[in-house]
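Encoded as structure tokens, the structure appears first; notes follow it.
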Amino acid sequence: MWKWTFVALVAIGCSDPEPEAPAAAPEPAAEIAAPEPAPAPTEQPAAVEPGQAQWSVALREGENMALLATWADTTPEALLEFNGLPSPKLRRAQSVKIPGDASKQTVFEARRAHFVEDRLARFIKAKGEPALAQRKVRRGDSLSRIAARHRLPLWVLIHYNAGRDLDRLNVGDSVTVPTFGSLTRR
């Protein structure tokens, strides 16, 4: 209750014990200079042109439109327009068209792989080297439930099960679960 009383007193000006000074004559309005524009980057992202060569990627856990655009040397807005998407909110495994030829795709995939390796290296540095264990899928399990049960980010579980179709888990399937010293199973 006291918090609300204090907030109410501050809001109506009762907390200021000093009397108000008489109002001074208004000063002429000073001209406010417009802020200087930020320096332009040395290399502008490429604009996406209709009819340009393209390929598609499936969005992975932890990726977003801004990352895809950075790896493709374009802007998120240009990718949204190129894909006819109203919002940058994407879901895992959603297909996104990326403009460019095979050489741009190679650069894109290299940048994407570096991102994954760097993120995993930072995670392992913080948590320690994992011990790998095989766990059986139980009734009602989903990949996100398994990750939550083992207190793991979903992308870590996906990384350690690369090459498997994790969208279709059956009871009795085996999933590789990394166990980190600072993360314990519930």
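Residue numbering restarts at 1 in every chain; chains get A, B, ... in the order shown in the structure tokens, and ligands count up from 1 in that same order.
Backbone DSSP of segment 129-166 of chain A yields helix (DSSP H, G or I) at Leu143, Ser144, Arg145, Ile146, Ala147, Ala148, Arg149, Leu154, Trp155, Val156, Leu157, Ile158 and His159 of chain A.
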Please produce an output containing all heavy atoms for each residue in the selection, written as a CSV table (one decimal), in the first residue's frame.
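part09.csv, freshly written:
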```csv
chain,number,residue,atom,x,y,z
A,143,LEU,N,10.4,-33.0,-29.1
A,143,LEU,CA,11.8,-32.6,-29.0
A,143,LEU,C,11.9,-31.5,-27.9
A,143,LEU,O,12.8,-31.5,-27.1
A,143,LEU,CB,12.3,-32.1,-30.4
A,143,LEU,CG,13.8,-32.1,-30.5
A,143,LEU,CD1,14.4,-33.4,-30.2
A,143,LEU,CD2,14.2,-31.6,-31.9
A,144,SER,N,11.0,-30.5,-27.9
A,144,SER,CA,11.0,-29.4,-27.0
A,144,SER,C,10.8,-30.0,-25.5
A,144,SER,O,11.5,-29.5,-24.6
A,144,SER,CB,10.0,-28.3,-27.3
A,144,SER,OG,8.7,-28.9,-27.4
A,145,ARG,N,10.0,-31.0,-25.4
A,145,ARG,CA,9.8,-31.6,-24.0
A,145,ARG,C,11.1,-32.2,-23.5
A,145,ARG,O,11.5,-32.2,-22.4
A,145,ARG,CB,8.7,-32.5,-24.0
A,145,ARG,CG,7.3,-31.9,-23.9
A,145,ARG,CD,6.3,-32.9,-23.6
A,145,ARG,NE,5.0,-32.2,-23.5
A,145,ARG,CZ,3.8,-32.9,-23.6
A,145,ARG,NH1,3.8,-34.2,-23.6
A,145,ARG,NH2,2.7,-32.2,-23.5
A,146,ILE,N,11.7,-33.0,-24.4
A,146,ILE,CA,13.0,-33.6,-24.1
A,146,ILE,C,14.0,-32.6,-23.7
A,146,ILE,O,14.7,-32.7,-22.7
A,146,ILE,CB,13.5,-34.5,-25.2
A,146,ILE,CG1,12.5,-35.7,-25.5
A,146,ILE,CG2,14.9,-35.1,-25.0
A,146,ILE,CD1,12.7,-36.5,-26.7
A,147,ALA,N,14.1,-31.5,-24.5
A,147,ALA,CA,15.1,-30.5,-24.2
A,147,ALA,C,14.8,-29.8,-22.8
A,147,ALA,O,15.7,-29.6,-22.0
A,147,ALA,CB,15.0,-29.4,-25.3
A,148,ALA,N,13.5,-29.6,-22.6
A,148,ALA,CA,13.1,-29.0,-21.3
A,148,ALA,C,13.4,-29.9,-20.1
A,148,ALA,O,13.9,-29.5,-19.1
A,148,ALA,CB,11.7,-28.6,-21.3
A,149,ARG,N,13.2,-31.2,-20.3
A,149,ARG,CA,13.4,-32.2,-19.3
A,149,ARG,C,14.9,-32.2,-18.9
A,149,ARG,O,15.3,-32.4,-17.7
A,149,ARG,CB,13.0,-33.6,-19.7
A,149,ARG,CG,13.1,-34.6,-18.6
A,149,ARG,CD,12.7,-36.0,-19.0
A,149,ARG,NE,11.5,-36.1,-19.8
A,149,ARG,CZ,11.4,-36.6,-21.0
A,149,ARG,NH1,12.4,-37.3,-21.6
A,149,ARG,NH2,10.2,-36.6,-21.7
A,154,LEU,N,16.8,-25.9,-27.1
A,154,LEU,CA,16.4,-26.8,-28.2
A,154,LEU,C,17.4,-26.9,-29.2
A,154,LEU,O,17.7,-28.0,-29.8
A,154,LEU,CB,15.0,-26.3,-28.7
A,154,LEU,CG,14.4,-27.1,-29.8
A,154,LEU,CD1,14.1,-28.6,-29.3
A,154,LEU,CD2,13.1,-26.5,-30.3
A,155,TRP,N,18.1,-25.8,-29.6
A,155,TRP,CA,19.1,-25.8,-30.7
A,155,TRP,C,20.2,-26.8,-30.3
A,155,TRP,O,20.8,-27.3,-31.2
A,155,TRP,CB,19.5,-24.4,-31.0
A,155,TRP,CG,20.3,-23.7,-30.0
A,155,TRP,CD1,19.8,-22.8,-29.0
A,155,TRP,CD2,21.7,-23.7,-29.7
A,155,TRP,NE1,20.8,-22.3,-28.2
A,155,TRP,CE2,22.0,-22.9,-28.6
A,155,TRP,CE3,22.8,-24.4,-30.3
A,155,TRP,CZ2,23.2,-22.7,-28.1
A,155,TRP,CZ3,24.0,-24.2,-29.8
A,155,TRP,CH2,24.3,-23.4,-28.7
A,156,VAL,N,20.6,-26.9,-29.0
A,156,VAL,CA,21.7,-27.8,-28.6
A,156,VAL,C,21.3,-29.3,-28.9
A,156,VAL,O,22.0,-30.0,-29.5
A,156,VAL,CB,22.1,-27.6,-27.1
A,156,VAL,CG1,23.0,-28.7,-26.7
A,156,VAL,CG2,22.7,-26.2,-26.9
A,157,LEU,N,20.0,-29.6,-28.5
A,157,LEU,CA,19.5,-31.0,-28.8
A,157,LEU,C,19.5,-31.2,-30.3
A,157,LEU,O,19.9,-32.3,-30.7
A,157,LEU,CB,18.2,-31.1,-28.1
A,157,LEU,CG,17.7,-32.5,-28.0
A,157,LEU,CD1,18.6,-33.4,-27.1
A,157,LEU,CD2,16.3,-32.5,-27.3
A,158,ILE,N,19.1,-30.3,-31.0
A,158,ILE,CA,19.0,-30.4,-32.5
A,158,ILE,C,20.4,-30.6,-33.0
A,158,ILE,O,20.7,-31.5,-33.9
A,158,ILE,CB,18.3,-29.2,-33.2
A,158,ILE,CG1,16.8,-29.2,-32.8
A,158,ILE,CG2,18.5,-29.2,-34.7
A,158,ILE,CD1,16.1,-27.9,-33.2
A,159,HIS,N,21.4,-29.9,-32.5
A,159,HIS,CA,22.8,-30.0,-33.0
A,159,HIS,C,23.3,-31.4,-32.8
A,159,HIS,O,24.0,-31.9,-33.7
A,159,HIS,CB,23.7,-28.9,-32.3
A,159,HIS,CG,25.1,-29.1,-32.7
A,159,HIS,ND1,25.7,-28.7,-33.9
A,159,HIS,CD2,26.1,-29.7,-32.0
A,159,HIS,CE1,26.9,-29.0,-33.9
A,159,HIS,NE2,27.3,-29.6,-32.8
```
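Remark: for Gly62 of chain A, the closest of the candidate residues A:Gly84, A:Pro153, A:Pro99, A:Gly128 is A:Pro153 (distances computed over only C-alpha atoms).
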Test item: residues at most 9 Å from Asp101 of chain A, only C-alpha atoms, excluding those fewer than 6 positions along its chain, as a PyMOL selection string: chain A and resi 52-55
Selection: 10 Å around segment 65-70 of chain A, only C-alpha atoms, excl. self and same-chain fewer than 6 positions, as a PyMOL selection string: chain A and resi 45-46+57+59+76-80+87-90+96-99+108+111-112+115
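Nearest to Ala93 of chain A of all the residues A:Arg135, A:Glu109, A:Asp167, A:Glu81 is A:Asp167, based on only C-alpha atoms.
The space between atom CA of Asp173 of chain A and atom CA of Ala121 of chain A spans 27.8 Å.
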Counting only C-alpha atoms, the residue of A:Pro130, A:Pro178, A:Gly163, A:Gly172 that sits nearest His150 of chain A: A:Pro178
Residue set, segment 90-161 of chain A restricted to strand (DSSP E), as a ChimeraX atom specification: /A:95-99,131-136
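Note that atom CA of Leu120 of chain A and atom CA of Ser103 of chain A are 26.1 Å apart.
The coordinates place atom CA of Ala133 of chain A at 16.6 Å from atom CA of Leu166 of chain A.
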Contact residues around segment 136-142 of chain A with only C-alpha atoms at 8 Å, ignoring same-chain residues under 5 positions, as a short mmCIF file (atom, residue, chain, number, x, y, z; two decimals) with N, CA, C and O atoms, in the first residue's frame:
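So the final result, stored in selection_2.cif, reads:
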```
data_model
loop_
_atom_site.label_atom_id
_atom_site.label_comp_id
_atom_site.auth_asym_id
_atom_site.auth_seq_id
_atom_site.Cartn_x
_atom_site.Cartn_y
_atom_site.Cartn_z
N LEU A 169 9.18 -38.06 -34.13
CA LEU A 169 9.72 -38.96 -33.12
C LEU A 169 8.67 -40.00 -32.74
O LEU A 169 7.50 -39.67 -32.57
N ASN A 170 9.10 -41.24 -32.63
CA ASN A 170 8.20 -42.33 -32.22
C ASN A 170 8.64 -42.86 -30.87
O ASN A 170 9.83 -42.81 -30.52
N VAL A 171 7.69 -43.39 -30.11
CA VAL A 171 8.01 -44.00 -28.82
C VAL A 171 9.05 -45.09 -29.05
O VAL A 171 8.92 -45.90 -29.97
N GLY A 172 10.10 -45.05 -28.26
CA GLY A 172 11.17 -46.04 -28.38
C GLY A 172 12.34 -45.57 -29.21
O GLY A 172 13.41 -46.19 -29.16
N ASP A 173 12.17 -44.50 -30.01
CA ASP A 173 13.31 -43.95 -30.76
C ASP A 173 14.38 -43.50 -29.79
O ASP A 173 14.11 -43.12 -28.66
N SER A 174 15.61 -43.52 -30.24
CA SER A 174 16.73 -43.09 -29.42
C SER A 174 17.16 -41.69 -29.84
O SER A 174 17.28 -41.39 -31.02
N VAL A 175 17.38 -40.82 -28.86
CA VAL A 175 17.81 -39.44 -29.10
C VAL A 175 19.09 -39.21 -28.32
O VAL A 175 19.20 -39.61 -27.15
#
```
